[in-house]
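This is data11.cif. It holds mmCIF, C-alpha atoms.
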data_upload
loop_
_atom_site.label_atom_id
_atom_site.label_comp_id
_atom_site.auth_asym_id
_atom_site.auth_seq_id
_atom_site.Cartn_x
_atom_site.Cartn_y
_atom_site.Cartn_z
CA HIS A 142 -35.23 47.54 -24.21
CA ALA A 143 -35.67 48.00 -20.45
CA THR A 144 -35.69 51.80 -20.80
CA LYS A 145 -38.30 51.66 -23.58
CA ALA A 146 -40.43 49.31 -21.48
CA CYS A 147 -40.39 51.86 -18.66
CA GLU A 148 -41.44 54.66 -21.02
CA LEU A 149 -44.32 52.59 -22.44
CA ALA A 150 -45.53 51.65 -18.97
CA GLU A 151 -45.47 55.29 -17.87
CA PHE A 152 -47.63 56.20 -20.87
CA LEU A 153 -50.19 53.49 -20.08
CA LEU A 154 -50.23 54.36 -16.37
CA GLU A 155 -51.53 57.86 -17.09
CA THR A 156 -54.95 56.21 -16.68
CA PRO A 157 -54.75 54.56 -13.21
CA ALA A 158 -58.11 52.83 -13.56
CA HIS A 159 -57.13 51.19 -16.85
CA PRO A 160 -57.54 47.38 -16.62
CA THR A 161 -53.89 46.89 -17.60
CA ALA A 162 -52.54 49.24 -14.92
CA ILE A 163 -51.37 46.48 -12.56
CA LYS A 164 -49.75 44.56 -15.39
CA CYS A 165 -48.02 47.76 -16.53
CA LEU A 166 -46.65 48.29 -13.04
CA GLN A 167 -45.32 44.74 -13.02
CA ARG A 168 -43.65 45.19 -16.39
CA ARG A 169 -42.13 48.51 -15.45
CA ALA A 170 -40.86 46.96 -12.21
CA ALA A 171 -39.28 44.11 -14.19
CA ALA A 172 -37.60 46.63 -16.49
CA ARG A 173 -36.33 48.66 -13.54
CA LEU A 174 -34.91 45.53 -11.93
CA GLN A 175 -33.00 44.88 -15.16
CA LEU A 176 -31.59 48.40 -14.82
CA SER A 177 -30.76 47.75 -11.12
CA HIS A 178 -33.22 50.46 -10.07
CA TYR A 179 -34.36 48.40 -7.10
CA LYS A 180 -36.13 51.07 -5.07
CA ASP A 181 -38.16 52.23 -8.07
CA ALA A 182 -39.10 48.63 -8.84
CA LEU A 183 -40.21 48.09 -5.24
CA ASN A 184 -42.33 51.24 -5.41
CA ASP A 185 -44.05 49.95 -8.56
CA LEU A 186 -44.74 46.54 -7.06
CA SER A 187 -45.94 48.03 -3.78
CA LEU A 188 -48.37 50.22 -5.72
CA ALA A 189 -49.52 47.21 -7.75
CA HIS A 190 -50.06 45.32 -4.50
CA ARG A 191 -52.19 48.13 -3.09
CA ARG A 192 -54.25 48.31 -6.27
CA GLY A 193 -54.67 44.54 -6.48
CA PRO A 194 -54.44 43.05 -2.99
CA GLY A 195 -54.36 39.28 -3.07
CA ASN A 196 -52.73 39.13 -6.51
CA ALA A 197 -50.41 36.12 -6.08
CA GLU A 198 -48.16 37.07 -8.99
CA VAL A 199 -47.61 40.59 -7.63
CA GLU A 200 -46.87 39.21 -4.16
CA LYS A 201 -44.34 36.78 -5.61
CA ARG A 202 -42.59 39.52 -7.63
CA LEU A 203 -42.58 41.85 -4.63
CA LYS A 204 -40.88 39.19 -2.50
CA GLU A 205 -38.29 38.57 -5.22
CA ALA A 206 -37.61 42.29 -5.66
CA ASN A 207 -37.15 42.73 -1.90
CA ALA A 208 -34.60 39.91 -1.92
CA MET A 209 -32.74 41.46 -4.88
CA TYR A 210 -32.70 44.85 -3.17
CA GLU A 211 -31.33 43.32 0.03
CA GLU A 212 -28.55 41.47 -1.82
CA ALA A 213 -27.62 44.64 -3.71
CA ARG A 214 -27.49 46.50 -0.38
CA LYS A 215 -25.14 43.86 1.02
CA GLU A 216 -22.85 44.15 -2.00
CA LYS A 217 -22.62 47.93 -1.61
CA GLU A 218 -21.88 47.59 2.10
CA VAL A 219 -19.11 45.08 1.41
CA GLU A 220 -17.61 47.31 -1.30
CA ARG A 221 -17.70 50.26 1.09
CA GLY A 222 -16.07 48.17 3.80
CA MET A 223 -13.30 47.03 1.46
CA ARG A 224 -12.54 50.64 0.50
CA ARG A 225 -12.33 51.67 4.14
CA ALA A 226 -10.15 48.65 4.98
CA SER A 227 -7.77 49.61 2.14
CA SER A 228 -7.44 53.02 3.78
CA GLY A 229 -6.44 51.44 7.09
CA ILE A 230 -9.77 52.12 8.79
CA ASP A 231 -11.04 49.56 11.30
CA GLY A 232 -14.68 48.52 11.39
CA GLU A 233 -17.14 45.86 10.37
CA VAL A 234 -19.93 45.14 7.90
CA ASP A 235 -22.99 43.49 9.40
CA GLY A 236 -20.88 41.62 11.96
CA THR A 237 -17.88 40.79 9.75
CA ASP A 238 -14.79 42.88 10.46
CA PHE A 239 -12.82 44.50 7.67
CA ASN A 240 -9.74 42.34 8.34
CA THR A 241 -11.76 39.19 7.62
CA LEU A 242 -12.90 40.65 4.31
CA ARG A 243 -9.31 41.56 3.42
CA GLU A 244 -8.23 38.01 4.26
CA MET A 245 -11.02 36.72 2.02
CA GLU A 246 -9.85 38.99 -0.79
CA LYS A 247 -6.26 37.76 -0.57
CA MET A 248 -7.25 34.10 -0.45
CA CYS A 249 -9.52 34.42 -3.49
CA VAL A 250 -6.49 35.43 -5.55
CA GLY A 251 -5.09 31.93 -5.05
CA ILE A 252 -8.17 30.07 -6.33
CA GLY A 253 -7.06 27.43 -8.82
CA GLY A 254 -3.47 27.39 -7.58
CA ASP A 255 -1.80 24.48 -5.80
CA GLU A 256 -1.24 26.58 -2.68
CA CYS A 257 -4.86 27.69 -2.27
CA ASP A 258 -6.15 27.01 1.25
CA TYR A 259 -9.63 25.80 0.37
CA GLY A 260 -10.25 24.70 3.94
CA ARG A 261 -9.83 28.25 5.24
CA LEU A 262 -11.96 29.63 2.41
CA GLU A 263 -14.70 27.17 3.29
CA THR A 264 -14.60 28.25 6.95
CA LEU A 265 -14.80 31.95 6.07
CA LEU A 266 -17.75 31.36 3.75
CA GLU A 267 -19.60 29.16 6.22
CA THR A 268 -19.30 31.69 9.04
CA SER A 269 -19.81 35.01 7.25
CA GLU A 270 -22.65 36.12 4.99
CA GLN A 271 -20.54 39.11 3.95
CA CYS A 272 -17.79 36.77 2.71
CA ARG A 273 -20.45 34.93 0.72
CA VAL A 274 -21.48 38.25 -0.80
CA PHE A 275 -17.86 39.21 -1.51
CA ILE A 276 -17.07 36.03 -3.44
CA ARG A 277 -19.63 36.85 -6.11
CA SER A 278 -18.62 40.52 -6.43
CA GLY A 279 -17.25 41.68 -9.75
CA GLU A 280 -20.06 40.07 -11.75
CA GLY A 281 -19.56 36.77 -9.92
CA SER A 282 -15.92 36.57 -11.06
CA ARG A 283 -14.64 34.60 -8.07
CA LEU A 284 -17.54 32.19 -8.17
CA LEU A 285 -17.05 31.70 -11.88
CA GLU A 286 -13.32 31.13 -11.35
CA LEU A 287 -14.26 28.31 -8.97
CA ARG A 288 -16.54 26.97 -11.69
CA ARG A 289 -13.62 27.03 -14.16
CA VAL A 290 -11.42 25.11 -11.70
CA LEU A 291 -14.22 22.60 -11.27
CA GLY A 292 -14.51 22.12 -15.02
CA LEU A 293 -10.79 21.51 -15.49
CA ALA A 294 -10.54 18.98 -12.65
CA ALA A 295 -13.78 17.16 -13.48
CA GLY A 296 -12.47 16.25 -16.91
CA ASP A 297 -9.68 14.13 -15.47
CA LEU A 298 -10.87 11.49 -13.00
CA ARG A 299 -7.39 10.04 -12.49
CA GLY A 300 -6.00 13.16 -10.91
CA GLY A 301 -9.04 15.37 -10.81
CA ALA A 302 -11.02 13.92 -7.90
CA ALA A 303 -8.50 15.04 -5.28
CA LYS A 304 -8.32 18.49 -6.86
CA LEU A 305 -12.13 18.74 -6.86
CA LEU A 306 -12.72 18.21 -3.16
CA GLY A 307 -11.58 21.66 -2.00
CA PRO A 308 -13.40 23.68 -4.70
CA LEU A 309 -16.60 21.64 -4.22
CA LYS A 310 -16.61 22.34 -0.48
CA VAL A 311 -15.93 26.05 -1.04
CA ILE A 312 -18.72 26.34 -3.62
CA ARG A 313 -21.12 24.54 -1.28
CA ALA A 314 -20.31 27.00 1.51
CA ALA A 315 -20.79 29.93 -0.90
CA CYS A 316 -24.18 28.49 -1.82
CA LEU A 317 -25.50 29.09 1.67
CA ASN A 318 -26.42 32.37 -0.05
CA GLU A 319 -29.35 31.94 -2.46
CA THR A 320 -28.10 34.53 -4.97
CA ASN A 321 -24.86 32.57 -5.29
CA ARG A 322 -26.87 29.43 -6.04
CA ASP A 323 -28.68 31.26 -8.84
CA THR A 324 -25.40 32.65 -10.21
CA LEU A 325 -23.86 29.18 -10.43
CA ALA A 326 -27.02 27.63 -11.85
CA ARG A 327 -27.06 30.18 -14.68
CA ALA A 328 -23.40 29.37 -15.41
CA GLY A 329 -24.17 25.66 -15.84
CA THR A 330 -22.17 24.67 -12.77
CA LEU A 331 -24.79 22.33 -11.32
CA GLU A 332 -25.07 20.35 -14.56
CA LEU A 333 -21.28 19.98 -14.47
CA VAL A 334 -21.49 18.58 -10.94
CA VAL A 335 -24.15 16.06 -11.98
CA LYS A 336 -21.90 14.90 -14.84
CA PHE A 337 -19.00 14.48 -12.42
CA ILE A 338 -21.13 12.30 -10.13
CA ALA A 339 -22.17 10.21 -13.14
CA ARG A 340 -18.51 9.49 -13.95
CA ALA A 341 -17.15 9.05 -10.45
CA TRP A 342 -19.81 7.52 -8.16
CA ASN A 343 -18.64 3.95 -8.76
CA GLU A 344 -14.93 4.68 -8.26
CA ALA A 345 -13.47 2.84 -5.26
CA ASP A 346 -10.63 5.19 -4.30
CA THR A 347 -11.04 7.42 -1.26
CA ALA A 348 -10.47 10.70 -3.12
CA SER A 349 -13.27 9.99 -5.59
CA ARG A 350 -15.71 8.92 -2.88
CA GLU A 351 -15.01 12.04 -0.82
CA ALA A 352 -15.38 14.28 -3.88
CA VAL A 353 -18.68 12.61 -4.83
CA SER A 354 -19.97 13.10 -1.29
CA ALA A 355 -18.99 16.81 -1.43
CA ALA A 356 -20.68 17.11 -4.84
CA LEU A 357 -23.88 15.59 -3.42
CA PHE A 358 -23.78 18.00 -0.48
CA LEU A 359 -23.48 20.90 -2.95
CA LEU A 360 -26.46 19.70 -5.00
CA HIS A 361 -28.45 19.01 -1.83
CA THR A 362 -27.82 22.61 -0.68
CA CYS A 363 -28.72 24.14 -4.05
CA SER A 364 -31.83 21.99 -4.55
CA ALA A 365 -33.53 23.86 -1.72
CA THR A 366 -34.06 26.82 -4.10
CA PRO A 367 -36.53 26.58 -7.05
CA GLY A 368 -34.30 27.93 -9.85
CA PRO A 369 -31.19 25.83 -9.11
CA ARG A 370 -33.40 22.83 -8.35
CA THR A 371 -34.85 23.09 -11.86
CA SER A 372 -31.32 22.99 -13.33
CA ILE A 373 -30.45 19.94 -11.24
CA ILE A 374 -33.67 18.15 -12.15
CA LYS A 375 -33.09 18.82 -15.85
CA ALA A 376 -29.58 17.35 -15.65
CA LEU A 377 -30.77 14.33 -13.66
CA SER A 378 -33.72 13.78 -16.01
CA GLU A 379 -31.41 13.65 -19.02
CA ASP A 380 -29.11 11.31 -17.12
CA THR A 381 -31.80 8.67 -16.48
CA LYS A 382 -31.11 7.32 -19.99
CA ASP A 383 -27.81 6.01 -18.64
CA THR A 384 -28.22 3.02 -16.31
CA LYS A 385 -24.77 3.79 -14.89
CA GLY A 386 -25.29 7.54 -14.64
CA ALA A 387 -25.76 9.92 -11.72
CA VAL A 388 -29.31 8.86 -10.85
CA ALA A 389 -28.29 5.21 -10.80
CA GLY A 390 -25.43 6.25 -8.54
CA LEU A 391 -27.77 8.02 -6.10
CA PHE A 392 -29.85 4.89 -5.64
CA ALA A 393 -26.77 2.68 -5.48
CA MET A 394 -25.50 4.77 -2.56
CA LEU A 395 -28.75 4.14 -0.70
CA GLU A 396 -28.34 0.39 -1.19
CA ARG A 397 -24.76 0.09 0.01
CA ASP A 398 -23.82 -1.54 3.31
CA LEU A 399 -23.69 1.55 5.53
CA ALA A 400 -23.19 -0.11 8.91
CA ASN A 401 -19.43 0.31 9.20
CA ASP A 402 -18.70 3.07 6.69
CA THR A 403 -19.13 6.63 7.96
CA GLY A 404 -18.29 8.15 4.58
CA ALA A 405 -20.85 5.98 2.81
CA ARG A 406 -23.50 6.95 5.36
CA LEU A 407 -22.77 10.63 4.79
CA ALA A 408 -22.96 10.27 1.01
CA ALA A 409 -26.21 8.30 1.33
CA ALA A 410 -27.69 11.02 3.55
CA HIS A 411 -26.88 13.70 0.97
CA ALA A 412 -28.22 11.52 -1.85
CA LEU A 413 -31.46 10.93 0.03
CA SER A 414 -31.91 14.63 0.83
CA LEU A 415 -31.22 15.57 -2.80
CA LEU A 416 -33.73 13.04 -4.11
CA GLY A 417 -36.28 14.22 -1.58
CA ASN A 418 -35.92 17.86 -2.64
CA CYS A 419 -36.14 16.96 -6.33
CA ALA A 420 -39.13 14.66 -5.85
CA VAL A 421 -41.38 17.67 -5.22
CA ASP A 422 -41.22 18.25 -8.99
CA SER A 423 -43.48 16.16 -11.24
CA LEU A 424 -40.84 16.00 -14.01
CA ALA A 425 -38.32 14.56 -11.57
CA ARG A 426 -40.78 12.02 -10.20
CA THR A 427 -41.60 10.81 -13.71
CA ALA A 428 -37.94 10.55 -14.66
CA LEU A 429 -37.11 8.61 -11.51
CA ALA A 430 -40.08 6.28 -12.01
CA ASN A 431 -38.91 5.53 -15.55
CA LEU A 432 -35.63 4.24 -14.16
CA TYR A 433 -36.83 2.79 -10.87
CA HIS A 434 -40.41 1.62 -10.53
CA ASP A 435 -40.09 1.71 -6.74
CA ALA A 436 -38.26 5.05 -6.65
CA THR A 437 -40.88 6.74 -4.46
CA ALA A 438 -40.70 3.96 -1.90
CA LYS A 439 -36.91 4.15 -1.85
CA ILE A 440 -36.98 7.90 -1.21
#
Once more with this new file: its structure as structure tokens, please.
Amino acid sequence: HATKACELAEFLLETPAHPTAIKCLQRRAAARLQLSHYKDALNDLSLAHRRGPGNAEVEKRLKEANAMYEEARKEKEVERGMRRASSGIDGEVDGTDFNTLREMEKMCVGIGGDECDYGRLETLLETSEQCRVFIRSGEGSRLLELRRVLGLAAGDLRGGAAKLLGPLKVIRAACLNETNRDTLARAGTLELVVKFIARAWNEADTASREAVSAALFLLHTCSATPGPRTSIIKALSEDTKDTKGAVAGLFAMLERDLANDTGARLAAAHALSLLGNCAVDSLARTALANLYHDATAKI
């Protein structure tokens, strides 16, 4: 379909002054992005921008295409670095040395196992953009493996909370990269995290409270980006029907006695930041108001 869209656009663009020329360029650019022809897509959008300066839609698509091109460039650089590292060649990729990438590769193999060092994985992801790019390589396989681990542990609150803490922290660190946030949002990961919070926020044990705080930090991080924020808002909006669900938990955390509980203060801070990010959306504001008449004042 993308190839046919390109051919149709080329036919219509034979008349540059045609009133649909800019729209054709946009559609051909969209098709080329689907084919991963990033430079060609950027050329189309740049031409559309020159022909229609001030067109907000074109400017938005041009910004998005530039971001996609940059992320694709990073992935190629990381792949090239991994090949060179495998050949025993020293070097670095945008500030991250090959040995760090090899360490990241080895540690990712252990994801889901009892011996996985999630703390070290979190550190690598927090400190290196190239490690954040690497973890989604292979069609997001490592990120999606983390999502699978999350799903298995979230289904068992008795033993799952402790197993969730490490993966949640690693995913949050990976989500310092916006493309990773989008990848996880498309996989339904953020809805899964909301459901976990709904089940666990009122648990009194330390493991559950720490896991809930990590889950809130993850959602807070992802809610800074429009696409993932929409997924979170949808999940929270559906959850407002449950007076003991995730949204109720967020407000309950704000109302706890925080004076002598550092963990509770941290969780409340993440809950407040998440609610603040979501409140920019009218759907979220309406959903919150349906559950709490003074929700805006609380936020």
Contacts of segment 272-277 of chain A at 9 Å or less, counting all atoms listed in the file, minus same-chain residues fewer than 4 places along, as a PyMOL selection string? chain A and resi 212+215-216+219-220+237+241-242+245-246+249+265-268+281-285+314-318+320-321+324
Keeping only C-alpha atoms, write those residues as a PDB file, keeping the file's coordinate frame.
ATOM      1  CA  GLU A 212     -28.550  41.470  -1.820  1.00  0.00           C
ATOM      2  CA  LYS A 215     -25.140  43.860   1.020  1.00  0.00           C
ATOM      3  CA  GLU A 216     -22.850  44.150  -2.000  1.00  0.00           C
ATOM      4  CA  VAL A 219     -19.110  45.080   1.410  1.00  0.00           C
ATOM      5  CA  GLU A 220     -17.610  47.310  -1.300  1.00  0.00           C
ATOM      6  CA  THR A 237     -17.880  40.790   9.750  1.00  0.00           C
ATOM      7  CA  THR A 241     -11.760  39.190   7.620  1.00  0.00           C
ATOM      8  CA  LEU A 242     -12.900  40.650   4.310  1.00  0.00           C
ATOM      9  CA  MET A 245     -11.020  36.720   2.020  1.00  0.00           C
ATOM     10  CA  GLU A 246      -9.850  38.990  -0.790  1.00  0.00           C
ATOM     11  CA  CYS A 249      -9.520  34.420  -3.490  1.00  0.00           C
ATOM     12  CA  LEU A 265     -14.800  31.950   6.070  1.00  0.00           C
ATOM     13  CA  LEU A 266     -17.750  31.360   3.750  1.00  0.00           C
ATOM     14  CA  GLU A 267     -19.600  29.160   6.220  1.00  0.00           C
ATOM     15  CA  THR A 268     -19.300  31.690   9.040  1.00  0.00           C
ATOM     16  CA  GLY A 281     -19.560  36.770  -9.920  1.00  0.00           C
ATOM     17  CA  SER A 282     -15.920  36.570 -11.060  1.00  0.00           C
ATOM     18  CA  ARG A 283     -14.640  34.600  -8.070  1.00  0.00           C
ATOM     19  CA  LEU A 284     -17.540  32.190  -8.170  1.00  0.00           C
ATOM     20  CA  LEU A 285     -17.050  31.700 -11.880  1.00  0.00           C
ATOM     21  CA  ALA A 314     -20.310  27.000   1.510  1.00  0.00           C
ATOM     22  CA  ALA A 315     -20.790  29.930  -0.900  1.00  0.00           C
ATOM     23  CA  CYS A 316     -24.180  28.490  -1.820  1.00  0.00           C
ATOM     24  CA  LEU A 317     -25.500  29.090   1.670  1.00  0.00           C
ATOM     25  CA  ASN A 318     -26.420  32.370  -0.050  1.00  0.00           C
ATOM     26  CA  THR A 320     -28.100  34.530  -4.970  1.00  0.00           C
ATOM     27  CA  ASN A 321     -24.860  32.570  -5.290  1.00  0.00           C
ATOM     28  CA  THR A 324     -25.400  32.650 -10.210  1.00  0.00           C
TER      29      THR A 324
END
Contacts of Thr330 of chain A at 12 Å or less, counting only C-alpha atoms, minus same-chain residues fewer than 5 places along, as a VMD selection string? chain A and resid 284 to 292 295 308 to 309 312 to 313 316 321 to 325 335 to 337 356 359 to 360 363 369 372 to 373 376
Test item: the PyMOL selection byres ((chain A and resi 387-397) around 6) resolved as JSON, numbers by chain: {"A": [338, 339, 342, 384, 385, 386, 398, 399, 409, 412]}
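Across the structure, atom CA of Phe239 of chain A and atom CA of Thr362 of chain A are spaced 27.8 Å apart.
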Atomic distance atom CA of Asp238 of chain A - atom CA of Ser278 of chain A, expressed in Å with one decimal: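 According to the coordinates, atom CA of Asp238 of chain A and atom CA of Ser278 of chain A are separated by 17.5 Å.
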Please report the interatomic distance between atom CA of Gln167 of chain A and atom CA of Leu186 of chain A in Å with one decimal.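 That distance, rounded to one decimal, is 6.3 Å.
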Contacts of segment 189-196 of chain A at 9 Å (all atoms listed in the file; same-chain gap of 3+ positions) as a ChimeraX atom specification: /A:162-167,184-186,199-201,203
Ranking A:Ile374, A:Ala213, A:Met223, A:Ala328 by minimum distance to Leu416 of chain A and counting all atoms listed in the file, which one comes first?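 Closest to Leu416 of chain A, using all atoms listed in the file: A:Ile374.
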With the PyMOL selection byres ((chain A and resi 348-351) around 9) as the selection, what would be picked from this file? Answer as a PyMOL selection string, please. chain A and resi 298+301-306+341-347+352-356+404-405+408
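Counting only C-alpha atoms, Gly236 of chain A has the following residues at most 10 Å away, ignoring those fewer than 2 positions along the same chain: A:Gly232, A:Glu233, A:Val234, A:Asp238, A:Phe239, A:Ser269, A:Glu270, A:Gln271.
Shortest separation to Ala226 of chain A among A:Glu332, A:Glu244, A:Asp422, A:Asp181 occurs at residue A:Glu244, atoms counted being only C-alpha atoms.
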Once the PyMOL selection byres ((chain A and resi 259) around 7) has been applied to the shown file, what residues remain in the selection, as a PyMOL selection string? chain A and resi 257-258+260-263+307-308+311
Ranking A:Arg426, A:Glu218, A:Leu413, A:Gln175 by minimum distance to Leu377 of chain A and counting all atoms listed in the file, which one comes first?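 The shortest atom-to-atom distance to Leu377 of chain A comes from A:Arg426.
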